[in-house]
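> Pasting a structure here, questions to come.
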Amino acid sequence: MNSAIELRNVSLSFESKRVLNNISFALGEGETMFLLGVTGSGKSVLLKVMLGLLKPDSGEVLIKGQDLVPLSEDDLQPLRRRMGIVFQEGALFDSLSVFENVAYRLREEHLADEATLEQRVREVLRFVEMEAAIEKSPAELSGGMRRRVAIARTIISSPEIMLYDSPTGGLDPVTCLTINVLIAKMRDLQHVTSVVVTQRLQDAYELVNSVYSDEKQTLVPANGAAPPRPATHFLMLRDGEVNFHGNEQDFTHSPDPYVRKFLT
Ligand SMILES: Nc1ncnc2c1ncn2[C@@H]1O[C@H](COP(=O)(O)OP(=O)(O)OP(=O)(O)O)[C@@H](O)[C@H]1O
Ligand SMILES: [Mg+2]
């Protein structure tokens, strides 16, 4: 079976500076990857490469088995529609209401009539628990609310792959939890393949050790009794190179001094 995302020997330089150096990994369907690394290590650039927003100088970027590197902007569109990104800045259109922000992708693709559109917008806003804010403007929302609306805007087209760039960055711990719940909800209810950039290791551990309970509507501990779940990867970039790639256990017990420094 094809991986959801596979990178083979991907390198990218900006002018003379090498920002990604020979990156390879494969992420299976429904799996989650936490992308770790200090500021400037190449995390955001790597997400943009996965979406085809930046083209590597060499290597292959396979999405569901198809290499997107040689594709034209037009040919990229069908693949990109199957993916969603929540950008680091959350980037909402401040001049548009929450409704219009969330409806944007469907409107752009002429995918629905007005009644269906409203129904779908309400459905995703309910999913992120923001339906009450449908008429508001982004300026009226708190940071955590904006982040949730940004997620709603991305998931409206039911992406099979979600890329989150520092989704909890700058948020308080309680709000971080609500974002983690959403990421788990996408993972566990929609079986979405996820790449999550995070500076907060505790978010990665919270997500790997819990599952979303539809009944309790929150995270519950994933104990050994749960059915086998799709793998969770930890990948750490260092100056554009893969410094570590493995599962949670390997990561926690890694003897690598750089990883150890990150853990303490
Ligand atoms: N468009 C660009 N042109 C030139 N250099 C760039 C560009 N985008 C990123 N870079 C450089 O690439 C390197 C990696 O940047 P990137 O944004 O991926 O870091 P990051 O790991 O996401 O950091 P942070 O945790 O601060 O978000 C940095 O040195 C950055 O200055
Ligand atoms: Mg970044």
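Labeling convention for the structure tokens: chains A, B, ... as they appear, residues from 1 per chain, ligands from 1 in order of appearance.
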Sort by chain and increasing residue number a table of all residues of chain A within 9 Å of ligand 2, each with its closest pair of atoms and their distance in Å to one decimal, counting only C-alpha atoms and all ligand atoms, and write it as a Markdown table.


```
| residue | atom | partner | partner_atom_place_in_ligand_line | distance |
| --- | --- | --- | --- | --- |
| A:Thr39 | CA | ligand 2 | 1 (Mg) | 6.8 |
| A:Gly40 | CA | ligand 2 | 1 (Mg) | 7.0 |
| A:Ser41 | CA | ligand 2 | 1 (Mg) | 8.3 |
| A:Gly42 | CA | ligand 2 | 1 (Mg) | 7.1 |
| A:Lys43 | CA | ligand 2 | 1 (Mg) | 5.5 |
| A:Ser44 | CA | ligand 2 | 1 (Mg) | 4.1 |
| A:Val45 | CA | ligand 2 | 1 (Mg) | 7.3 |
| A:Leu47 | CA | ligand 2 | 1 (Mg) | 9.0 |
| A:Phe87 | CA | ligand 2 | 1 (Mg) | 8.8 |
| A:Gln88 | CA | ligand 2 | 1 (Mg) | 6.4 |
| A:Asp165 | CA | ligand 2 | 1 (Mg) | 6.7 |
| A:Ser166 | CA | ligand 2 | 1 (Mg) | 7.3 |
| A:Val197 | CA | ligand 2 | 1 (Mg) | 7.9 |
```

> Can I get the residues of chain A within 12 Å of ligand 1, each with the closest pair of atoms and their distance in Å to one decimal, using only C-alpha atoms and all ligand atoms, sorted chain first then ascending number, as CSV?


```
residue,atom,partner,partner_atom_place_in_ligand_line,distance
A:Ser11,CA,ligand 1,12 (O),11.9
A:Leu12,CA,ligand 1,12 (O),9.2
A:Ser13,CA,ligand 1,5 (N),8.0
A:Phe14,CA,ligand 1,4 (C),5.0
A:Glu15,CA,ligand 1,4 (C),7.4
A:Ser16,CA,ligand 1,4 (C),9.7
A:Lys17,CA,ligand 1,5 (N),7.7
A:Arg18,CA,ligand 1,12 (O),8.0
A:Val19,CA,ligand 1,12 (O),5.1
A:Leu20,CA,ligand 1,14 (C),8.0
A:Asn21,CA,ligand 1,14 (C),11.3
A:Leu35,CA,ligand 1,21 (O),9.1
A:Leu36,CA,ligand 1,21 (O),8.1
A:Gly37,CA,ligand 1,21 (O),6.2
A:Val38,CA,ligand 1,25 (O),5.7
A:Thr39,CA,ligand 1,25 (O),3.5
A:Gly40,CA,ligand 1,19 (O),3.5
A:Ser41,CA,ligand 1,21 (O),4.0
A:Gly42,CA,ligand 1,18 (O),3.1
A:Lys43,CA,ligand 1,21 (O),3.8
A:Ser44,CA,ligand 1,22 (O),3.7
A:Val45,CA,ligand 1,18 (O),3.8
A:Leu46,CA,ligand 1,18 (O),6.3
A:Leu47,CA,ligand 1,18 (O),8.1
A:Lys48,CA,ligand 1,18 (O),8.6
A:Val49,CA,ligand 1,18 (O),10.0
A:Leu53,CA,ligand 1,1 (N),10.5
A:Leu54,CA,ligand 1,1 (N),8.7
A:Lys55,CA,ligand 1,1 (N),11.4
A:Phe87,CA,ligand 1,27 (O),10.2
A:Gln88,CA,ligand 1,27 (O),7.2
A:Glu89,CA,ligand 1,27 (O),9.7
A:Tyr164,CA,ligand 1,22 (O),11.3
A:Asp165,CA,ligand 1,27 (O),7.9
A:Ser166,CA,ligand 1,27 (O),7.5
A:Pro167,CA,ligand 1,27 (O),11.1
A:Gly169,CA,ligand 1,25 (O),9.5
A:Gly170,CA,ligand 1,25 (O),11.9
A:Val196,CA,ligand 1,22 (O),11.6
A:Val197,CA,ligand 1,22 (O),8.2
A:Thr198,CA,ligand 1,25 (O),8.1
A:Gln199,CA,ligand 1,25 (O),7.2
A:Arg200,CA,ligand 1,25 (O),10.9
A:Met236,CA,ligand 1,21 (O),10.1
A:Leu237,CA,ligand 1,21 (O),7.9
A:Arg238,CA,ligand 1,21 (O),8.8
A:Asp239,CA,ligand 1,14 (C),7.9
A:Gly240,CA,ligand 1,14 (C),7.3
A:Glu241,CA,ligand 1,14 (C),11.0
```

> Please identify which residues in region 33-238 of chain A DSSP calls strand (DSSP E or B) from the backbone, and express them as a VMD selection string.

chain A and resid 33 to 36 58 to 63 66 to 67 83 to 86 161 to 165 193 to 197 210 to 213 218 to 221 232 to 238

> Could you write out that same residue set with N, CA and C atoms as a short mmCIF file (atom, residue, chain, number, x, y, z; two decimals), in the first residue's frame?


```cif
data_model
loop_
_atom_site.label_atom_id
_atom_site.label_comp_id
_atom_site.auth_asym_id
_atom_site.auth_seq_id
_atom_site.Cartn_x
_atom_site.Cartn_y
_atom_site.Cartn_z
N MET A 33 2.58 12.27 12.66
CA MET A 33 3.99 12.57 12.86
C MET A 33 4.14 13.91 13.58
N PHE A 34 4.87 13.89 14.68
CA PHE A 34 5.23 15.14 15.34
C PHE A 34 6.56 15.60 14.79
N LEU A 35 6.58 16.82 14.31
CA LEU A 35 7.77 17.39 13.71
C LEU A 35 8.35 18.37 14.73
N LEU A 36 9.54 18.02 15.22
CA LEU A 36 10.16 18.79 16.29
C LEU A 36 11.43 19.44 15.79
N SER A 58 16.09 18.80 -5.11
CA SER A 58 16.23 17.40 -5.52
C SER A 58 15.39 16.55 -4.59
N GLY A 59 15.09 15.34 -5.03
CA GLY A 59 14.31 14.41 -4.23
C GLY A 59 12.87 14.31 -4.69
N GLU A 60 12.14 13.39 -4.06
CA GLU A 60 10.75 13.14 -4.43
C GLU A 60 9.83 13.40 -3.23
N VAL A 61 8.66 13.93 -3.50
CA VAL A 61 7.65 14.16 -2.47
C VAL A 61 6.39 13.42 -2.92
N LEU A 62 6.17 12.25 -2.36
CA LEU A 62 5.05 11.41 -2.82
C LEU A 62 3.87 11.57 -1.89
N ILE A 63 2.74 11.97 -2.46
CA ILE A 63 1.49 12.06 -1.71
C ILE A 63 0.59 10.97 -2.26
N GLN A 66 1.95 9.55 -5.38
CA GLN A 66 2.23 10.38 -6.56
C GLN A 66 3.26 11.47 -6.24
N ASP A 67 4.31 11.52 -7.04
CA ASP A 67 5.35 12.53 -6.82
C ASP A 67 4.84 13.89 -7.26
N MET A 83 -5.57 17.72 0.91
CA MET A 83 -4.74 18.07 2.06
C MET A 83 -5.22 19.38 2.66
N GLY A 84 -4.89 19.59 3.93
CA GLY A 84 -5.22 20.86 4.54
C GLY A 84 -4.06 21.31 5.40
N ILE A 85 -3.82 22.60 5.44
CA ILE A 85 -2.76 23.12 6.32
C ILE A 85 -3.32 24.19 7.23
N VAL A 86 -2.95 24.13 8.47
CA VAL A 86 -3.26 25.22 9.40
C VAL A 86 -1.93 25.95 9.60
N ILE A 161 -5.32 14.43 4.63
CA ILE A 161 -4.04 14.71 5.27
C ILE A 161 -4.12 16.11 5.86
N MET A 162 -3.76 16.24 7.14
CA MET A 162 -3.75 17.55 7.79
C MET A 162 -2.34 17.89 8.23
N LEU A 163 -1.92 19.10 7.91
CA LEU A 163 -0.62 19.60 8.35
C LEU A 163 -0.89 20.76 9.30
N TYR A 164 -0.39 20.66 10.51
CA TYR A 164 -0.62 21.72 11.51
C TYR A 164 0.72 22.36 11.84
N ASP A 165 0.85 23.65 11.61
CA ASP A 165 2.11 24.32 11.95
C ASP A 165 1.97 25.02 13.30
N THR A 193 -4.58 11.48 8.30
CA THR A 193 -3.12 11.42 8.48
C THR A 193 -2.67 12.82 8.89
N SER A 194 -1.86 12.91 9.96
CA SER A 194 -1.52 14.25 10.47
C SER A 194 -0.03 14.45 10.62
N VAL A 195 0.41 15.66 10.29
CA VAL A 195 1.76 16.10 10.62
C VAL A 195 1.60 17.31 11.52
N VAL A 196 2.15 17.24 12.71
CA VAL A 196 1.96 18.31 13.68
C VAL A 196 3.32 18.89 14.07
N VAL A 197 3.55 20.13 13.69
CA VAL A 197 4.75 20.82 14.15
C VAL A 197 4.47 21.31 15.55
N SER A 210 -3.36 9.32 24.37
CA SER A 210 -4.81 9.38 24.58
C SER A 210 -5.55 9.19 23.27
N VAL A 211 -6.82 8.87 23.41
CA VAL A 211 -7.70 8.77 22.24
C VAL A 211 -8.92 9.65 22.48
N TYR A 212 -9.54 10.06 21.39
CA TYR A 212 -10.75 10.87 21.52
C TYR A 212 -11.93 9.95 21.79
N SER A 213 -12.66 10.25 22.85
CA SER A 213 -13.87 9.49 23.15
C SER A 213 -15.08 10.29 22.68
N THR A 218 -14.12 14.12 24.85
CA THR A 218 -12.80 14.64 25.17
C THR A 218 -11.77 13.51 25.06
N LEU A 219 -10.53 13.81 25.47
CA LEU A 219 -9.48 12.80 25.41
C LEU A 219 -9.58 11.87 26.61
N VAL A 220 -9.38 10.59 26.37
CA VAL A 220 -9.29 9.63 27.47
C VAL A 220 -7.98 8.86 27.29
N PRO A 221 -7.43 8.32 28.38
CA PRO A 221 -6.15 7.61 28.25
C PRO A 221 -6.26 6.42 27.30
N THR A 232 2.49 6.47 15.68
CA THR A 232 2.85 7.88 15.87
C THR A 232 4.37 7.99 15.71
N HIS A 233 4.79 8.91 14.86
CA HIS A 233 6.22 9.13 14.62
C HIS A 233 6.68 10.40 15.32
N PHE A 234 7.89 10.37 15.79
CA PHE A 234 8.57 11.58 16.27
C PHE A 234 9.73 11.82 15.32
N LEU A 235 9.75 12.98 14.70
CA LEU A 235 10.86 13.30 13.80
C LEU A 235 11.44 14.65 14.20
N MET A 236 12.73 14.64 14.48
CA MET A 236 13.36 15.89 14.90
C MET A 236 14.33 16.40 13.85
N LEU A 237 14.11 17.64 13.45
CA LEU A 237 15.01 18.27 12.49
C LEU A 237 16.09 19.03 13.24
N ARG A 238 17.29 19.01 12.65
CA ARG A 238 18.36 19.83 13.19
C ARG A 238 19.10 20.42 12.00
#
```

> Name all residues at most 10 Å from Leu263 (chain A) (count only C-alpha atoms; drop same-chain ones fewer than 2 positions away) and give them as a list of chain:residue names.

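My reading of the contact set: A:Leu201, A:Phe251, A:Thr252, A:His253, A:Ser254, A:Pro257, A:Tyr258, A:Val259, A:Arg260, A:Lys261.
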
> Tell me which of A:Ile156, A:Ile5, A:Met50, A:Ile23 sits closest to Glu109 (chain A), counting only C-alpha atoms.

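Ranking A:Ile156, A:Ile5, A:Met50, A:Ile23 by distance to Glu109 (chain A), first place goes to A:Ile156.
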
> Please provide as a short mmCIF file (atom, residue, chain, number, x, y, z; two decimals) with N, CA and C atoms, in the first residue's frame all residues within 12 Å of Ser97 (chain A), with the sequence filter that same-chain residues fewer than 4 positions apart are discarded (counting only C-alpha atoms).


```cif
data_model
loop_
_atom_site.label_atom_id
_atom_site.label_comp_id
_atom_site.auth_asym_id
_atom_site.auth_seq_id
_atom_site.Cartn_x
_atom_site.Cartn_y
_atom_site.Cartn_z
N LEU A 92 -6.46 34.19 9.34
CA LEU A 92 -7.85 34.35 8.91
C LEU A 92 -7.96 35.66 8.14
N PHE A 93 -8.97 35.76 7.29
CA PHE A 93 -9.23 37.04 6.61
C PHE A 93 -10.00 37.93 7.57
N ASN A 101 -15.09 33.09 6.30
CA ASN A 101 -13.76 32.49 6.40
C ASN A 101 -13.83 30.98 6.23
N VAL A 102 -14.81 30.39 6.91
CA VAL A 102 -14.91 28.93 6.90
C VAL A 102 -15.46 28.43 5.56
N ALA A 103 -16.33 29.23 4.96
CA ALA A 103 -16.95 28.84 3.68
C ALA A 103 -15.98 28.97 2.51
N TYR A 104 -14.87 29.67 2.75
CA TYR A 104 -14.00 30.12 1.66
C TYR A 104 -13.59 29.03 0.67
N VAL A 121 -20.81 24.59 6.81
CA VAL A 121 -20.07 25.52 7.67
C VAL A 121 -20.48 25.31 9.13
N ALA A 133 -20.10 31.47 17.18
CA ALA A 133 -19.37 32.65 16.68
C ALA A 133 -19.54 32.87 15.18
N ILE A 134 -20.49 32.17 14.58
CA ILE A 134 -20.59 32.16 13.11
C ILE A 134 -20.72 33.57 12.50
N GLU A 135 -21.40 34.47 13.20
CA GLU A 135 -21.62 35.83 12.67
C GLU A 135 -20.50 36.80 13.03
N LYS A 136 -19.60 36.38 13.90
CA LYS A 136 -18.58 37.30 14.41
C LYS A 136 -17.51 37.59 13.37
N SER A 137 -16.72 38.64 13.66
CA SER A 137 -15.55 38.88 12.82
C SER A 137 -14.34 38.35 13.59
N PRO A 138 -13.29 37.94 12.87
CA PRO A 138 -12.12 37.37 13.56
C PRO A 138 -11.56 38.29 14.64
N ALA A 139 -11.67 39.61 14.44
CA ALA A 139 -11.12 40.55 15.42
C ALA A 139 -11.78 40.41 16.79
N GLU A 140 -13.00 39.88 16.81
CA GLU A 140 -13.72 39.75 18.08
C GLU A 140 -13.34 38.48 18.84
N LEU A 141 -12.49 37.64 18.25
CA LEU A 141 -12.19 36.34 18.85
C LEU A 141 -10.86 36.34 19.59
N ARG A 146 -9.59 31.87 17.39
CA ARG A 146 -9.13 32.07 16.00
C ARG A 146 -8.49 30.80 15.47
N VAL A 149 -11.15 28.38 14.55
CA VAL A 149 -11.81 28.74 13.29
C VAL A 149 -10.87 28.42 12.11
N ARG A 153 -11.80 26.10 9.02
CA ARG A 153 -11.68 26.52 7.63
C ARG A 153 -10.91 25.50 6.79
#
```

> As an MDAnalysis selection string, please: all residues of region 3-247 of chain A that backbone DSSP puts in helix (DSSP H, G or I).

chainID A and resid 43:51 73:81 98:108 114:127 131:133 138:140 143:155 173:189 201:208

> Residues at most 8 Å from Arg148 (chain A), counting only C-alpha atoms, excluding those fewer than 6 positions away in the same chain, as a ChimeraX atom specification?

/A:128,130,179

> Selected residues, N, CA and C atoms, written as a PDB file, in the first residue's frame, please.


```
ATOM      1  N   VAL A 128     -15.579  22.089  15.853  1.00  0.00           N
ATOM      2  CA  VAL A 128     -14.551  22.801  16.623  1.00  0.00           C
ATOM      3  C   VAL A 128     -15.161  23.614  17.775  1.00  0.00           C
ATOM      4  N   MET A 130     -17.413  26.058  17.778  1.00  0.00           N
ATOM      5  CA  MET A 130     -17.407  27.508  17.543  1.00  0.00           C
ATOM      6  C   MET A 130     -18.656  27.968  16.784  1.00  0.00           C
ATOM      7  N   ILE A 179      -7.217  22.472  21.536  1.00  0.00           N
ATOM      8  CA  ILE A 179      -6.666  22.268  20.183  1.00  0.00           C
ATOM      9  C   ILE A 179      -6.219  20.812  20.021  1.00  0.00           C
TER      10      ILE A 179
END
```

> Which residues are close to Ser157 (chain A), i.e. within 8 Å by only C-alpha atoms, leaving aside same-chain residues fewer than 3 positions away? Reply as a ChimeraX atom specification.

/A:81-82,105-106,154

> Expressed in Å to a single decimal, how great is the separation between CA of Leu207 (chain A) and CA of Glu6 (chain A)?

22.2 Å

> Got a sec: who's within 10 Å of Met1 (chain A), counting only C-alpha atoms, leaving out chain neighbours fewer than 2 positions off, as a list in words?

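Listed by chain and then number, they are Ser3, Ala4, Gly28, Glu29, Lys64 and Gly65 of chain A.
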
> Would you export the selected residues with N, CA and C atoms as a short mmCIF file (atom, residue, chain, number, x, y, z; two decimals), in the first residue's frame, please?


```cif
data_model
loop_
_atom_site.label_atom_id
_atom_site.label_comp_id
_atom_site.auth_asym_id
_atom_site.auth_seq_id
_atom_site.Cartn_x
_atom_site.Cartn_y
_atom_site.Cartn_z
N SER A 3 2.22 4.89 0.97
CA SER A 3 2.20 5.74 2.16
C SER A 3 1.32 6.94 1.85
N ALA A 4 0.81 7.57 2.91
CA ALA A 4 0.07 8.81 2.71
C ALA A 4 1.05 9.90 2.26
N GLY A 28 2.42 6.36 7.05
CA GLY A 28 1.31 5.55 6.54
C GLY A 28 -0.03 6.23 6.71
N GLU A 29 -1.03 5.68 6.06
CA GLU A 29 -2.41 6.20 6.17
C GLU A 29 -2.86 6.24 7.62
N LYS A 64 0.20 10.05 -1.40
CA LYS A 64 -0.59 8.89 -1.85
C LYS A 64 0.06 8.23 -3.06
N GLY A 65 1.38 8.19 -3.05
CA GLY A 65 2.12 7.48 -4.09
C GLY A 65 2.47 8.32 -5.31
#
```

> Restricting the calculation to only C-alpha atoms, which member of A:Glu129, A:Asp214, A:Glu31, A:Glu160 is positioned closest to Thr178 (chain A)?

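For Thr178 (chain A), the nearest of the candidates is A:Glu129.
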
> Name the closest residue to Phe262 (chain A) among the candidates A:Gln202, A:Asp188, A:Ile155, A:Gln249; distances are taken between atoms, counting only C-alpha atoms.

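Looking only at the distances to Phe262 (chain A), the closest residue turns out to be A:Gln202.
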
> Quick one, how far is CA of Asp172 (chain A) from CA of Gly144 (chain A)?

8.4 Å

> Report, in Å to a single decimal, how far apart CA of Pro70 (chain A) and CA of Asp57 (chain A) are.

11.1 Å

> I'd like to know which of A:Ser142, A:Thr264, A:Asn209, A:Ser158 is closest to Thr175 (chain A), using only C-alpha atoms.

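Distance minimum relative to Thr175 (chain A) lands on A:Ser142.
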